[in-house]
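The structure appears below as structure tokens.
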Amino acid sequence: QVQLVESGGGLVQAGGSLRLSCAASGISFSFNTMGWYRQAPGKQRELVATMSRGGSANYADSVKGRFTISRDNAKNTVYLQMNSLKPEDTAVYYCNAEAILRGYWGQGTQVTVSS
């Protein structure tokens with residue numbers, strides 16, 4: 001059974017940094033695309049950043065220049081380095097991993113940025 005487990009969320013002051021990690025288990029292959037989405041209270045889930053297996057990255061305009069996504073295909077792990085955090089980055093961050101037949105989601109990790 002495939003599981004995605006996120007870690008690294010927490011409370012940070014505006015301007016601070018956090019690093020999220022998402023480790024996949026229960027698989028014997030590499031995912032095509034891995035990435036991060038977030039959902040703030042009262043809002044729809046939105047894309048934050050994704051990365052292909054080959055290393056091509058895609059970012060939401062709101063995080064470009066502040067967030068960096070990376071992945072380790074051998075470990076089936078994806079990371080999100082978040083710098084210069086703003087209160088509007090406050091949300092539950094979800095890891096996503098896309099295989100050929102279906103996608104998978106983590107349980108989410110809370111990121112709270114205080115002003």
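Residue numbering restarts at 1 for every chain of the structure tokens, chains are lettered A, B, ... in their displayed order, and ligands are numbered from 1 as they appear.
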
Subject >> Contact residues around range 64-67 of chain A with only C-alpha atoms at 10 Å, ignoring same-chain residues under 6 positions, as a count of residues only >> reply: 13

Each residue of range 86-111 of chain A lying at most 8 Å from range 30-33 of chain A should get a row with its shortest atom-to-atom pair and the distance in Å to one decimal, counting only C-alpha atoms; could you produce that, ordered by chain and increasing number, as a Markdown table?
```
| residue | atom | partner | partner_atom | distance |
| --- | --- | --- | --- | --- |
| A:Ala97 | CA | A:Thr33 | CA | 5.9 |
| A:Glu98 | CA | A:Thr33 | CA | 5.2 |
| A:Ala99 | CA | A:Phe31 | CA | 5.0 |
| A:Ile100 | CA | A:Asn32 | CA | 7.3 |
```

Subject >> Atom pair CA of Met51 in chain A / CA of Ser114 in chain A: separation (Å) >> reply: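 Pair CA of Met51 in chain A / CA of Ser114 in chain A returns 28.2 Å.
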
Subject >> Every residue of chain A that DSSP places in strand (DSSP E or B), as an MDAnalysis selection string >> reply: chainID A and resid 3:7 10:13 18:25 33:39 46:52 57:59 67:72 77:82 91:98 103:105 109:114

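Using only C-alpha atoms, the smallest distance between any of A:Ala23, A:Ile69, A:Ala57, A:Val92 and Tyr37 in chain A comes from A:Val92.
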
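Distances from A:Val113, A:Ala74, A:Ala91, A:Met34 to Val12 in chain A were compared using only C-alpha atoms, and the smallest one belongs to A:Val113.
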
Pick out the residues sitting within 10 Å of Gly26 in chain A, and hand them over as a tab-separated table (two decimals) with C-alpha atoms, in the first residue's frame; count only C-alpha atoms, and ignore anything fewer than 4 positions along from it in its own chain.
```tsv
chain	number	residue	atom	x	y	z
A	1	GLN	CA	0.00	0.00	0.00
A	2	VAL	CA	1.43	3.32	-1.08
A	3	GLN	CA	1.78	5.95	1.64
A	4	LEU	CA	3.04	9.51	1.49
```

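Put simply, CA of Trp105 in chain A is 9.8 Å away from CA of Gly35 in chain A.
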
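The space separating CA of Asp72 in chain A from CA of Ser52 in chain A comes to 11.1 Å.
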
**OP:** Considering only C-alpha atoms, return as a VMD selection string whatever protein or nucleic-acid residues lie within 12 Å of Ser21 in chain A, sequence-local ones (same chain, fewer than 4 positions apart) excluded.
**Re:** chain A and resid 4 to 9 34 to 36 68 to 72 75 to 82 93 to 96 106 108 to 109

Dump as a PDB file, in the first residue's frame, selection limited to C-alpha atoms:
```pdb
ATOM      1  CA  LEU A   4       3.036   9.514   1.491  1.00  0.00           C
ATOM      2  CA  VAL A   5       4.183  10.947   4.795  1.00  0.00           C
ATOM      3  CA  GLU A   6       4.852  14.664   5.132  1.00  0.00           C
ATOM      4  CA  SER A   7       6.944  16.324   7.800  1.00  0.00           C
ATOM      5  CA  GLY A   8       8.476  19.694   8.550  1.00  0.00           C
ATOM      6  CA  GLY A   9       5.472  21.927   9.036  1.00  0.00           C
ATOM      7  CA  MET A  34       5.797  14.796  -7.359  1.00  0.00           C
ATOM      8  CA  GLY A  35       4.774  18.042  -5.827  1.00  0.00           C
ATOM      9  CA  TRP A  36       3.116  20.167  -3.222  1.00  0.00           C
ATOM     10  CA  THR A  68      12.365  25.641  -4.081  1.00  0.00           C
ATOM     11  CA  ILE A  69      11.219  22.124  -4.835  1.00  0.00           C
ATOM     12  CA  SER A  70      13.607  19.205  -5.096  1.00  0.00           C
ATOM     13  CA  ARG A  71      13.338  15.436  -5.144  1.00  0.00           C
ATOM     14  CA  ASP A  72      15.375  12.327  -4.625  1.00  0.00           C
ATOM     15  CA  LYS A  75      14.351   7.615  -2.111  1.00  0.00           C
ATOM     16  CA  ASN A  76      10.978   8.592  -3.619  1.00  0.00           C
ATOM     17  CA  THR A  77      11.132  11.752  -1.555  1.00  0.00           C
ATOM     18  CA  VAL A  78      10.220  15.310  -2.448  1.00  0.00           C
ATOM     19  CA  TYR A  79      11.180  18.443  -0.557  1.00  0.00           C
ATOM     20  CA  LEU A  80       9.959  22.009  -0.427  1.00  0.00           C
ATOM     21  CA  GLN A  81      12.302  24.678   0.875  1.00  0.00           C
ATOM     22  CA  MET A  82      10.233  27.706   1.826  1.00  0.00           C
ATOM     23  CA  TYR A  93       0.414  21.631   2.677  1.00  0.00           C
ATOM     24  CA  TYR A  94      -0.217  18.343   0.895  1.00  0.00           C
ATOM     25  CA  CYS A  95       2.253  16.144  -0.903  1.00  0.00           C
ATOM     26  CA  ASN A  96       1.141  14.674  -4.223  1.00  0.00           C
ATOM     27  CA  GLY A 106      -0.338  12.699   1.857  1.00  0.00           C
ATOM     28  CA  GLY A 108      -1.107  17.144   5.027  1.00  0.00           C
ATOM     29  CA  THR A 109       1.096  19.209   7.300  1.00  0.00           C
TER      30      THR A 109
END
```
